[in-house]
>>> print(open('model.cif').read())   # mmCIF, C-alpha atoms and all ligand atoms
data_work
#
loop_
_atom_site.label_atom_id
_atom_site.label_comp_id
_atom_site.auth_asym_id
_atom_site.auth_seq_id
_atom_site.Cartn_x
_atom_site.Cartn_y
_atom_site.Cartn_z
CA MET V 21 0.00 0.00 0.00
CA LYS V 22 1.28 3.43 -0.98
CA LEU V 23 0.88 5.73 2.02
CA GLY V 24 1.01 9.48 2.60
CA VAL V 25 2.11 10.65 6.05
CA TYR V 26 0.92 13.97 7.43
CA ILE V 27 2.84 15.46 10.35
CA HIS V 28 0.70 18.04 12.12
CA VAL V 29 2.51 20.88 13.90
CA PRO V 30 -0.30 22.85 15.58
CA PHE V 31 1.88 25.65 16.91
CA CYS V 32 2.29 29.23 15.74
CA ARG V 33 4.23 32.17 17.09
CA ARG V 34 1.04 34.23 17.27
CA LYS V 35 -2.49 33.72 16.06
CA CYS V 36 -3.58 35.40 12.82
CA ASP V 37 -6.87 37.31 13.08
CA TYR V 38 -8.51 35.43 10.21
CA CYS V 39 -7.50 31.93 11.28
CA SER V 40 -10.07 29.51 12.59
CA PHE V 41 -7.69 26.53 12.75
CA TYR V 42 -6.73 25.14 16.12
CA SER V 43 -3.18 26.15 17.00
CA VAL V 44 -1.32 26.94 20.18
CA PRO V 45 1.02 29.95 20.48
CA VAL V 46 4.64 29.01 21.18
CA ASP V 47 7.55 31.38 21.73
CA THR V 48 10.49 29.77 19.93
CA LEU V 49 12.84 32.32 21.49
CA SER V 50 12.14 31.06 25.00
CA PRO V 51 13.79 27.93 26.48
CA GLU V 52 10.31 26.63 27.38
CA GLY V 53 9.10 27.07 23.81
CA ARG V 54 12.12 25.29 22.39
CA ALA V 55 11.82 22.49 24.92
CA GLY V 56 8.13 22.15 24.05
CA LEU V 57 8.91 21.68 20.34
CA GLU V 58 11.63 19.17 21.21
CA ALA V 59 9.20 17.19 23.36
CA TYR V 60 6.61 17.44 20.60
CA THR V 61 9.05 16.02 18.05
CA ARG V 62 9.83 13.10 20.36
CA THR V 63 6.13 12.36 20.69
CA ILE V 64 5.61 12.44 16.92
CA ILE V 65 8.44 9.91 16.61
CA SER V 66 6.92 7.79 19.33
CA GLU V 67 3.50 7.88 17.64
CA ALA V 68 5.12 6.88 14.33
CA SER V 69 6.87 3.98 16.06
CA MET V 70 3.53 2.80 17.41
CA ARG V 71 1.37 3.22 14.31
CA LEU V 72 3.57 2.41 11.33
CA PRO V 73 4.28 -1.19 12.44
CA GLN V 74 0.49 -1.68 12.39
CA LEU V 75 0.63 -1.10 8.61
CA PRO V 76 2.85 -3.89 7.27
CA GLY V 77 3.68 -3.45 3.60
CA ALA V 78 3.10 0.31 3.67
CA VAL V 79 5.39 2.22 1.35
CA ILE V 80 5.50 5.91 2.17
CA ASP V 81 5.55 7.98 -1.00
CA THR V 82 4.61 11.40 0.40
CA VAL V 83 5.23 13.20 3.69
CA TYR V 84 3.73 16.60 4.52
CA PHE V 85 4.72 18.81 7.46
CA GLY V 86 1.71 21.13 7.88
CA GLY V 87 0.23 23.25 10.58
CA GLY V 88 0.25 25.56 12.27
CA THR V 89 3.76 26.67 11.50
CA PRO V 90 5.93 23.58 10.90
CA SER V 91 8.89 25.78 9.94
CA MET V 92 9.20 26.60 13.66
CA LEU V 93 10.76 23.15 13.97
CA GLU V 94 14.51 22.94 13.70
CA PRO V 95 15.78 21.18 10.54
CA ARG V 96 17.37 18.60 12.84
CA GLN V 97 13.91 17.80 14.24
CA VAL V 98 12.50 17.39 10.72
CA GLU V 99 15.39 15.08 9.90
CA ASN V 100 14.78 13.04 13.05
CA VAL V 101 11.11 12.60 12.19
CA LEU V 102 11.96 11.53 8.63
CA SER V 103 14.58 9.05 9.76
CA SER V 104 12.14 7.58 12.28
CA LEU V 105 9.64 7.04 9.43
CA ARG V 106 12.37 5.19 7.52
CA GLY V 107 12.98 3.08 10.60
CA TRP V 108 9.40 1.81 10.70
CA ALA V 109 8.35 1.65 7.05
CA ASP V 110 9.74 1.69 3.54
CA VAL V 111 10.03 5.18 2.18
CA GLU V 112 9.99 5.29 -1.60
CA PRO V 113 13.12 6.74 -3.21
CA GLY V 114 12.03 10.12 -4.56
CA ALA V 115 9.18 10.40 -2.05
CA GLU V 116 7.63 13.87 -2.04
CA VAL V 117 8.45 15.58 1.28
CA THR V 118 6.77 18.96 1.77
CA ILE V 119 7.13 21.54 4.51
CA GLU V 120 5.15 24.75 4.97
CA VAL V 121 7.41 27.70 5.73
CA ASN V 122 6.52 31.14 7.05
CA PRO V 123 8.55 34.08 5.65
CA GLU V 124 10.53 34.61 8.88
CA ASP V 125 11.79 31.01 8.56
CA SER V 126 12.78 31.28 4.88
CA GLY V 127 16.46 31.23 5.88
CA LYS V 128 15.97 27.64 7.10
CA VAL V 129 14.86 26.25 3.73
CA SER V 130 18.27 25.01 2.59
CA ALA V 131 18.64 23.18 5.91
CA PHE V 132 15.13 21.73 5.54
CA ARG V 133 16.19 20.50 2.08
CA ASP V 134 19.32 18.92 3.57
CA ALA V 135 17.08 17.31 6.20
CA GLY V 136 15.07 15.65 3.40
CA ALA V 137 12.41 18.13 2.20
CA SER V 138 11.80 18.16 -1.55
CA ARG V 139 9.10 20.88 -1.60
CA ALA V 140 8.70 24.04 0.45
CA VAL V 141 5.53 26.12 0.57
CA LEU V 142 6.06 29.77 1.44
CA GLY V 143 3.07 31.22 3.32
CA ILE V 144 3.07 34.68 1.76
CA GLN V 145 -0.70 35.36 1.62
CA THR V 146 -0.14 38.95 0.47
CA PHE V 147 2.71 41.27 -0.48
CA ASP V 148 0.58 44.34 0.26
CA PRO V 149 1.31 45.86 3.71
CA GLY V 150 -2.23 47.30 3.91
CA MET V 151 -3.85 43.94 3.17
CA HIS V 152 -1.43 42.21 5.57
CA ARG V 153 -2.61 44.54 8.33
CA ALA V 154 -6.25 44.34 7.28
CA ILE V 155 -6.43 40.56 7.73
CA GLY V 156 -4.23 40.57 10.83
CA ARG V 157 -1.61 38.18 9.47
CA SER V 158 0.74 37.47 12.38
CA SER V 159 3.65 36.18 10.34
CA SER V 160 6.08 38.68 8.79
CA LEU V 161 5.13 40.48 5.60
CA CYS V 162 7.09 38.70 2.87
CA GLY V 163 9.78 41.01 1.57
CA ASP V 164 12.69 40.87 -0.86
CA ASP V 165 15.05 39.26 1.66
CA HIS V 166 12.58 36.47 2.40
CA LEU V 167 12.03 35.84 -1.31
CA ASP V 168 15.77 35.85 -1.97
CA SER V 169 16.54 33.32 0.72
CA PHE V 170 13.59 31.11 -0.28
CA PHE V 171 14.03 31.06 -4.05
CA SER V 172 17.83 30.96 -4.04
CA VAL V 173 17.73 27.43 -2.57
CA LYS V 174 18.38 24.91 -5.33
CA GLY V 175 17.18 21.33 -5.39
CA ILE V 176 13.72 21.96 -3.94
CA VAL V 177 10.34 22.65 -5.52
CA HIS V 178 9.26 26.18 -4.64
CA CYS V 179 5.57 26.63 -3.86
CA ALA V 180 3.63 29.51 -2.31
CA ASP V 181 0.28 30.24 -0.68
CA MET V 182 -1.60 33.46 -1.41
CA ILE V 183 -4.96 34.90 -0.37
CA ALA V 184 -7.31 36.58 -2.85
CA GLY V 185 -10.54 38.42 -2.25
CA ILE V 186 -9.56 40.64 0.66
CA PRO V 187 -12.01 43.59 0.65
CA GLY V 188 -10.32 46.48 -1.15
CA GLN V 189 -7.58 44.26 -2.63
CA ASP V 190 -6.07 45.68 -5.76
CA ARG V 191 -6.33 43.35 -8.73
CA ALA V 192 -3.21 44.64 -10.46
CA GLY V 193 -1.22 44.29 -7.23
CA LEU V 194 -2.39 40.72 -6.71
CA VAL V 195 -1.44 39.75 -10.26
CA ALA V 196 1.90 41.56 -9.98
CA GLY V 197 2.66 39.46 -6.89
CA LEU V 198 1.87 36.26 -8.77
CA ASP V 199 3.96 37.46 -11.70
CA ARG V 200 6.88 37.96 -9.37
CA LEU V 201 6.51 34.44 -7.96
CA CYS V 202 6.33 32.94 -11.46
CA SER V 203 9.45 34.83 -12.51
CA LEU V 204 11.27 33.61 -9.41
CA GLY V 205 10.49 30.00 -10.34
CA ALA V 206 7.44 29.01 -8.27
CA LYS V 207 6.07 25.72 -9.60
CA HIS V 208 2.95 25.48 -7.46
CA LEU V 209 0.66 28.25 -6.22
CA SER V 210 -2.31 27.90 -3.90
CA VAL V 211 -4.65 30.87 -3.99
CA TYR V 212 -7.37 30.82 -1.36
CA LEU V 213 -10.35 33.14 -1.32
CA LEU V 214 -10.54 34.93 2.01
CA SER V 215 -13.28 33.48 4.12
CA ILE V 216 -14.30 35.52 7.14
CA GLU V 217 -15.02 32.85 9.71
CA LYS V 218 -17.36 33.56 12.61
CA SER V 219 -15.68 33.74 15.99
CA THR V 220 -12.38 34.99 14.56
CA PRO V 221 -11.11 38.47 15.51
CA LEU V 222 -11.38 39.38 11.82
CA ALA V 223 -15.13 38.73 11.81
CA SER V 224 -15.64 41.34 14.48
CA ARG V 225 -14.13 44.11 12.36
CA MET V 226 -14.54 43.08 8.71
CA LYS V 227 -18.04 42.64 7.33
CA PRO V 228 -18.33 41.79 3.65
CA GLY V 229 -20.41 44.49 2.00
CA PRO V 230 -22.89 44.10 -0.85
CA GLY V 231 -20.97 43.16 -3.99
CA ALA V 232 -18.18 41.45 -2.04
CA GLY V 233 -18.89 38.16 -3.81
CA GLU V 234 -18.59 39.82 -7.22
CA GLU V 235 -15.38 41.54 -6.16
CA GLN V 236 -13.91 38.20 -5.03
CA ARG V 237 -14.94 36.57 -8.26
CA ALA V 238 -13.30 39.26 -10.38
CA LEU V 239 -10.07 38.89 -8.39
CA PHE V 240 -10.07 35.11 -8.71
CA GLU V 241 -10.84 35.24 -12.43
CA ALA V 242 -7.85 37.55 -12.83
CA VAL V 243 -5.73 34.96 -10.97
CA MET V 244 -7.02 32.10 -13.16
CA ASP V 245 -6.44 33.97 -16.41
CA PHE V 246 -3.00 35.19 -15.41
CA LEU V 247 -1.73 31.80 -14.23
CA ALA V 248 -3.14 30.02 -17.30
CA GLY V 249 -1.11 32.45 -19.39
CA ARG V 250 2.00 31.54 -17.41
CA GLY V 251 1.57 27.82 -18.11
CA PHE V 252 -0.04 26.80 -14.81
CA SER V 253 -2.71 24.14 -14.79
CA HIS V 254 -5.67 24.95 -12.55
CA TYR V 255 -6.06 21.44 -11.16
CA GLU V 256 -8.02 21.99 -7.94
CA ILE V 257 -10.35 24.83 -6.99
CA SER V 258 -7.60 26.68 -5.07
CA ASN V 259 -4.49 25.09 -6.58
CA PHE V 260 -2.42 25.79 -9.67
CA ALA V 261 0.74 24.00 -10.82
CA ILE V 262 3.14 23.80 -13.68
CA PRO V 263 2.17 20.35 -15.05
CA GLY V 264 4.07 17.65 -13.21
CA PHE V 265 4.39 19.73 -10.02
CA GLU V 266 0.93 19.10 -8.55
CA SER V 267 0.94 18.18 -4.85
CA ARG V 268 1.04 14.38 -4.80
CA HIS V 269 0.32 14.43 -1.07
CA ASN V 270 -2.80 16.59 -1.27
CA MET V 271 -4.01 14.45 -4.19
CA LYS V 272 -4.39 11.65 -1.66
CA TYR V 273 -7.08 13.66 0.18
CA TRP V 274 -8.94 14.53 -2.99
CA LYS V 275 -8.68 11.03 -4.47
CA PHE V 276 -9.65 9.01 -1.41
CA MET V 277 -6.20 7.41 -1.07
CA PRO V 278 -4.66 6.19 2.22
CA TYR V 279 -2.78 8.50 4.53
CA LEU V 280 -1.62 8.41 8.13
CA GLY V 281 -1.86 11.58 10.22
CA LEU V 282 0.52 12.00 13.15
CA GLY V 283 0.00 14.62 15.85
CA PRO V 284 -2.98 15.99 17.76
CA GLY V 285 -6.03 16.57 15.62
CA ALA V 286 -4.48 14.77 12.64
CA HIS V 287 -6.77 12.57 10.57
CA SER V 288 -5.88 9.24 9.03
CA PHE V 289 -7.70 7.40 6.26
CA ILE V 290 -6.70 3.78 5.97
CA ASP V 291 -8.67 0.79 4.63
CA GLY V 292 -11.73 3.03 4.34
CA ARG V 293 -11.57 3.89 8.07
CA ARG V 294 -11.25 7.48 9.17
CA ILE V 295 -9.47 7.96 12.49
CA MET V 296 -8.60 11.15 14.33
CA ASN V 297 -6.08 11.68 17.11
CA VAL V 298 -8.15 13.66 19.63
CA THR V 299 -5.37 14.37 22.12
CA GLY V 300 -4.87 18.09 22.88
CA ALA V 301 -1.63 19.67 21.58
CA VAL V 302 -0.16 20.50 24.99
CA GLU V 303 -1.11 17.14 26.48
CA TYR V 304 0.40 15.43 23.43
CA ALA V 305 3.70 17.27 23.79
CA CYS V 306 3.87 16.96 27.57
CA SER V 307 2.63 13.47 28.27
CA GLY V 308 3.02 11.73 24.93
CA GLY V 309 -0.49 10.33 25.33
CA PHE V 310 -2.50 9.28 22.31
CA SER V 311 -6.23 9.07 22.07
CA TYR V 312 -8.13 8.14 18.91
CA GLU V 313 -11.68 8.26 17.70
CA GLU V 314 -12.99 6.51 14.67
CA ASP V 315 -15.44 8.31 12.48
CA VAL V 316 -17.73 5.47 11.50
CA ARG V 317 -19.38 6.14 8.18
CA GLY V 318 -21.96 4.26 6.20
CA LYS V 319 -21.87 3.70 2.47
CA ASN V 320 -23.60 7.00 1.79
CA SER V 321 -21.15 8.96 3.91
CA ALA V 322 -18.24 7.56 1.92
CA ALA V 323 -19.99 8.58 -1.29
CA VAL V 324 -20.74 12.07 0.04
CA GLU V 325 -17.15 12.56 1.06
CA TYR V 326 -15.80 11.15 -2.19
CA LEU V 327 -17.90 13.62 -4.16
CA MET V 328 -17.22 16.60 -1.87
CA THR V 329 -13.46 16.16 -2.15
CA GLY V 330 -13.21 14.68 -5.65
CA LEU V 331 -15.30 17.38 -7.32
CA ARG V 332 -12.81 19.96 -6.09
CA LEU V 333 -10.40 18.50 -8.63
CA LEU V 334 -11.04 20.14 -11.97
CA GLU V 335 -10.51 16.81 -13.76
CA GLY V 336 -13.75 15.82 -11.99
CA VAL V 337 -14.87 12.42 -10.78
CA SER V 338 -15.63 9.34 -12.81
CA VAL V 339 -18.44 6.95 -12.03
CA GLY V 340 -16.12 3.94 -12.34
CA ASP V 341 -13.57 5.36 -9.92
CA MET V 342 -16.32 6.23 -7.45
CA GLU V 343 -17.62 2.67 -7.60
CA SER V 344 -14.21 1.15 -6.97
CA ARG V 345 -13.06 3.57 -4.25
CA ALA V 346 -16.27 4.55 -2.45
CA GLY V 347 -18.34 1.49 -3.35
CA PHE V 348 -21.17 3.65 -4.58
CA ARG V 349 -23.08 4.19 -7.81
CA LEU V 350 -24.84 7.48 -8.59
CA THR V 351 -28.58 7.19 -7.97
CA PRO V 352 -31.16 8.13 -10.62
CA GLY V 353 -32.00 11.18 -8.49
CA MET V 354 -28.37 12.31 -8.45
CA LEU V 355 -28.06 11.77 -12.19
CA ALA V 356 -31.12 13.99 -12.67
CA ARG V 357 -29.52 16.70 -10.52
CA ILE V 358 -26.29 16.45 -12.52
CA ASP V 359 -28.31 16.76 -15.73
CA SER V 360 -30.00 19.89 -14.38
CA LEU V 361 -26.65 21.38 -13.32
CA GLU V 362 -25.23 20.67 -16.78
CA LYS V 363 -28.17 22.44 -18.41
CA ARG V 364 -27.44 25.46 -16.20
CA GLY V 365 -23.78 25.39 -17.26
CA LEU V 366 -22.43 24.57 -13.79
CA VAL V 367 -20.95 21.14 -14.52
CA ALA V 368 -19.60 19.45 -17.63
CA VAL V 369 -20.39 15.79 -18.25
CA SER V 370 -18.61 13.47 -20.66
CA GLY V 371 -18.74 9.73 -21.37
CA THR V 372 -21.42 7.25 -20.36
CA GLY V 373 -21.81 4.38 -17.92
CA VAL V 374 -18.74 3.74 -15.78
CA ASP V 375 -16.76 6.08 -18.06
CA MET V 376 -19.01 9.01 -17.23
CA THR V 377 -17.07 11.93 -15.75
CA VAL V 378 -18.55 14.96 -14.01
CA ARG V 379 -16.50 18.10 -13.51
CA LEU V 380 -17.12 21.68 -12.46
CA SER V 381 -17.43 24.18 -15.32
CA ARG V 382 -15.69 27.56 -15.04
CA GLU V 383 -18.97 29.02 -13.81
CA GLY V 384 -19.37 26.10 -11.39
CA ILE V 385 -15.98 26.81 -9.78
CA PHE V 386 -17.39 30.03 -8.35
CA LEU V 387 -20.48 28.30 -7.02
CA SER V 388 -18.71 25.07 -6.09
CA ASP V 389 -20.11 24.67 -2.58
CA GLY V 390 -23.69 24.98 -3.83
CA VAL V 391 -23.08 22.79 -6.88
CA ILE V 392 -21.49 19.98 -4.88
CA TYR V 393 -24.18 20.25 -2.22
CA GLU V 394 -26.89 19.98 -4.84
CA ILE V 395 -25.42 16.67 -6.08
CA VAL V 396 -24.91 15.10 -2.65
CA GLU V 397 -27.99 16.55 -0.92
CA GLU V 398 -30.06 13.50 -1.77
CA LEU V 399 -27.71 11.32 0.30
CA LEU V 400 -27.66 13.51 3.41
S1 LIG V 501 0.26 31.00 10.83
FE1 LIG V 501 -1.31 29.78 9.74
S2 LIG V 501 -2.11 28.30 11.24
FE2 LIG V 501 -0.93 29.89 12.40
S3 LIG V 501 -2.50 31.34 13.05
FE3 LIG V 501 -1.67 32.11 11.08
S4 LIG V 501 -3.01 31.23 9.51
FE4 LIG V 501 -3.41 30.09 11.41
#
>>> encode(input="model.cif", output="structure tokens", more="lines below")
Ligand code: SF4
Amino acid sequence: MKLGVYIHVPFCRRKCDYCSFYSVPVDTLSPEGRAGLEAYTRTIISEASMRLPQLPGAVIDTVYFGGGTPSMLEPRQVENVLSSLRGWADVEPGAEVTIEVNPEDSGKVSAFRDAGASRAVLGIQTFDPGMHRAIGRSSSLCGDDHLDSFFSVKGIVHCADMIAGIPGQDRAGLVAGLDRLCSLGAKHLSVYLLSIEKSTPLASRMKPGPGAGEEQRALFEAVMDFLAGRGFSHYEISNFAIPGFESRHNMKYWKFMPYLGLGPGAHSFIDGRRIMNVTGAVEYACSGGFSYEEDVRGKNSAAVEYLMTGLRLLEGVSVGDMESRAGFRLTPGMLARIDSLEKRGLVAVSGTGVDMTVRLSREGIFLSDGVIYEIVEELL
């Protein structure tokens, strides 16, 4: 079995105002903070040593350090985690090893590469100081020095995360930022539309006005058109890559493939079972305790999830693949809904029978939540 391994690092230096993810603030300049990350790394290794032997025959072909802010780890700690994985399972030569890096850690990228990373994702979000302040991004504004130290590292695939659709964001500025990243050699760009989540500090001060949806759409269309012109394939709603540089790890989530999640809150999907480590981050680091819950799903739940993740891929989902992976065949009611969505120009359908493929149209990308919900609603 080919296996992806996700290493969750739910720590950040400070919380960003727009972030609704669970993360715990850690001061890496303090001895306590550094000791905490060291203890955390030991626990990740210990969890790997417990769980990987339960998966005989697993061959790890992707590893992803995500968070949180995984670049707060020392390269030595990343190396230790990777060598522990090799101690408990086969790791494919040429495995994709990704680490997310905040701008203030860009100077560590060459050491992360030497520790075994093959891809680094720079969390830029915006180059505009006004937008950076507006969303309350806690990490440093990405400047020339950060870009220099990130892109000057050879032998690693350079990727970046950006945010589009911030109220008042300048379209030309957003595209100029992407242009800069393309010129520097970025091979993979994730562009997320800002979502103002309830209960975040941002929600208390930023209310989307009338026309905000249209403004976001215009910004994202500018992103799509610009990146298509620079040779990027738009392969997932928020993800663009030079062909051949798509995230193999994230593909596992969208294609219902097995992965093991290590760390508190991390999900695993193995043999059709979905398991989550429910231990709190501090408890995990301090006591090394593990506690798991299985999300038991019926046949319909697997189908719902397959469609909700798979339809995010712009190649769409095929009926045959859905049958083999999720054990489900589209019902007559769902086929009627798909037919109606096609007539409204929101999905494109090709092929018949098990070769039938359904994918979002360009118009459907902007209404993806509603389109996907309309297809799966019958199963809920
Ligand atoms: S750095 Fe990332 S995970 Fe941490 S608070 Fe900011 S957005 Fe959330």
>>> residues_near_ligand(input="model.cif", ligand="ligand LIG 501 (chain V)", cutoff="10 Å", atoms="all atoms listed in the file", output="number ranges by chain")
V: 29-45, 86-90, 120-122, 143, 145, 156-160
>>> atom_distance(input="model.cif", atom1="atom CA of Arg71 of chain V", atom2="atom CA of Leu102 of chain V")
14.6 Å
>>> atom_distance(input="model.cif", atom1="atom CA of Leu49 of chain V", atom2="atom CA of Ser126 of chain V")
16.6 Å
>>> residues_around(input="model.cif", residues="Arg237 of chain V", least_positions_apart="6", cutoff="12 Å", atoms="all atoms listed in the file", output="ChimeraX atom specification")
/V:184-187,191,212-214,231,243-244,382-387
>>> residues_around(input="model.cif", residues="Asn320 of chain V", least_positions_apart="4", cutoff="12 Å", atoms="only C-alpha atoms", output="ChimeraX atom specification")
/V:316,324-327,342-343,346-351,396-400
>>> write_last_selection(input="model.cif", atoms="C-alpha atoms", output="PDB file, keeping the file's coordinate frame")
ATOM      1  CA  VAL V 316     -17.730   5.470  11.500  1.00  0.00           C
ATOM      2  CA  VAL V 324     -20.740  12.070   0.040  1.00  0.00           C
ATOM      3  CA  GLU V 325     -17.150  12.560   1.060  1.00  0.00           C
ATOM      4  CA  TYR V 326     -15.800  11.150  -2.190  1.00  0.00           C
ATOM      5  CA  LEU V 327     -17.900  13.620  -4.160  1.00  0.00           C
ATOM      6  CA  MET V 342     -16.320   6.230  -7.450  1.00  0.00           C
ATOM      7  CA  GLU V 343     -17.620   2.670  -7.600  1.00  0.00           C
ATOM      8  CA  ALA V 346     -16.270   4.550  -2.450  1.00  0.00           C
ATOM      9  CA  GLY V 347     -18.340   1.490  -3.350  1.00  0.00           C
ATOM     10  CA  PHE V 348     -21.170   3.650  -4.580  1.00  0.00           C
ATOM     11  CA  ARG V 349     -23.080   4.190  -7.810  1.00  0.00           C
ATOM     12  CA  LEU V 350     -24.840   7.480  -8.590  1.00  0.00           C
ATOM     13  CA  THR V 351     -28.580   7.190  -7.970  1.00  0.00           C
ATOM     14  CA  VAL V 396     -24.910  15.100  -2.650  1.00  0.00           C
ATOM     15  CA  GLU V 397     -27.990  16.550  -0.920  1.00  0.00           C
ATOM     16  CA  GLU V 398     -30.060  13.500  -1.770  1.00  0.00           C
ATOM     17  CA  LEU V 399     -27.710  11.320   0.300  1.00  0.00           C
ATOM     18  CA  LEU V 400     -27.660  13.510   3.410  1.00  0.00           C
TER      19      LEU V 400
END
>>> decode(input="model.cif", residues="segment 267-289 of chain V", atoms="C-alpha atoms", output="PDB file, in the first residue's frame")
ATOM      1  CA  SER V 267       0.938  18.181  -4.846  1.00  0.00           C
ATOM      2  CA  ARG V 268       1.037  14.378  -4.796  1.00  0.00           C
ATOM      3  CA  HIS V 269       0.321  14.435  -1.074  1.00  0.00           C
ATOM      4  CA  ASN V 270      -2.796  16.587  -1.274  1.00  0.00           C
ATOM      5  CA  MET V 271      -4.011  14.450  -4.186  1.00  0.00           C
ATOM      6  CA  LYS V 272      -4.393  11.650  -1.657  1.00  0.00           C
ATOM      7  CA  TYR V 273      -7.079  13.661   0.180  1.00  0.00           C
ATOM      8  CA  TRP V 274      -8.945  14.531  -2.993  1.00  0.00           C
ATOM      9  CA  LYS V 275      -8.685  11.030  -4.466  1.00  0.00           C
ATOM     10  CA  PHE V 276      -9.654   9.014  -1.408  1.00  0.00           C
ATOM     11  CA  MET V 277      -6.202   7.409  -1.069  1.00  0.00           C
ATOM     12  CA  PRO V 278      -4.663   6.190   2.219  1.00  0.00           C
ATOM     13  CA  TYR V 279      -2.782   8.499   4.535  1.00  0.00           C
ATOM     14  CA  LEU V 280      -1.615   8.412   8.127  1.00  0.00           C
ATOM     15  CA  GLY V 281      -1.857  11.584  10.220  1.00  0.00           C
ATOM     16  CA  LEU V 282       0.521  12.003  13.154  1.00  0.00           C
ATOM     17  CA  GLY V 283      -0.003  14.618  15.846  1.00  0.00           C
ATOM     18  CA  PRO V 284      -2.977  15.987  17.760  1.00  0.00           C
ATOM     19  CA  GLY V 285      -6.029  16.566  15.624  1.00  0.00           C
ATOM     20  CA  ALA V 286      -4.476  14.766  12.644  1.00  0.00           C
ATOM     21  CA  HIS V 287      -6.775  12.567  10.571  1.00  0.00           C
ATOM     22  CA  SER V 288      -5.884   9.237   9.029  1.00  0.00           C
ATOM     23  CA  PHE V 289      -7.701   7.398   6.257  1.00  0.00           C
TER      24      PHE V 289
END
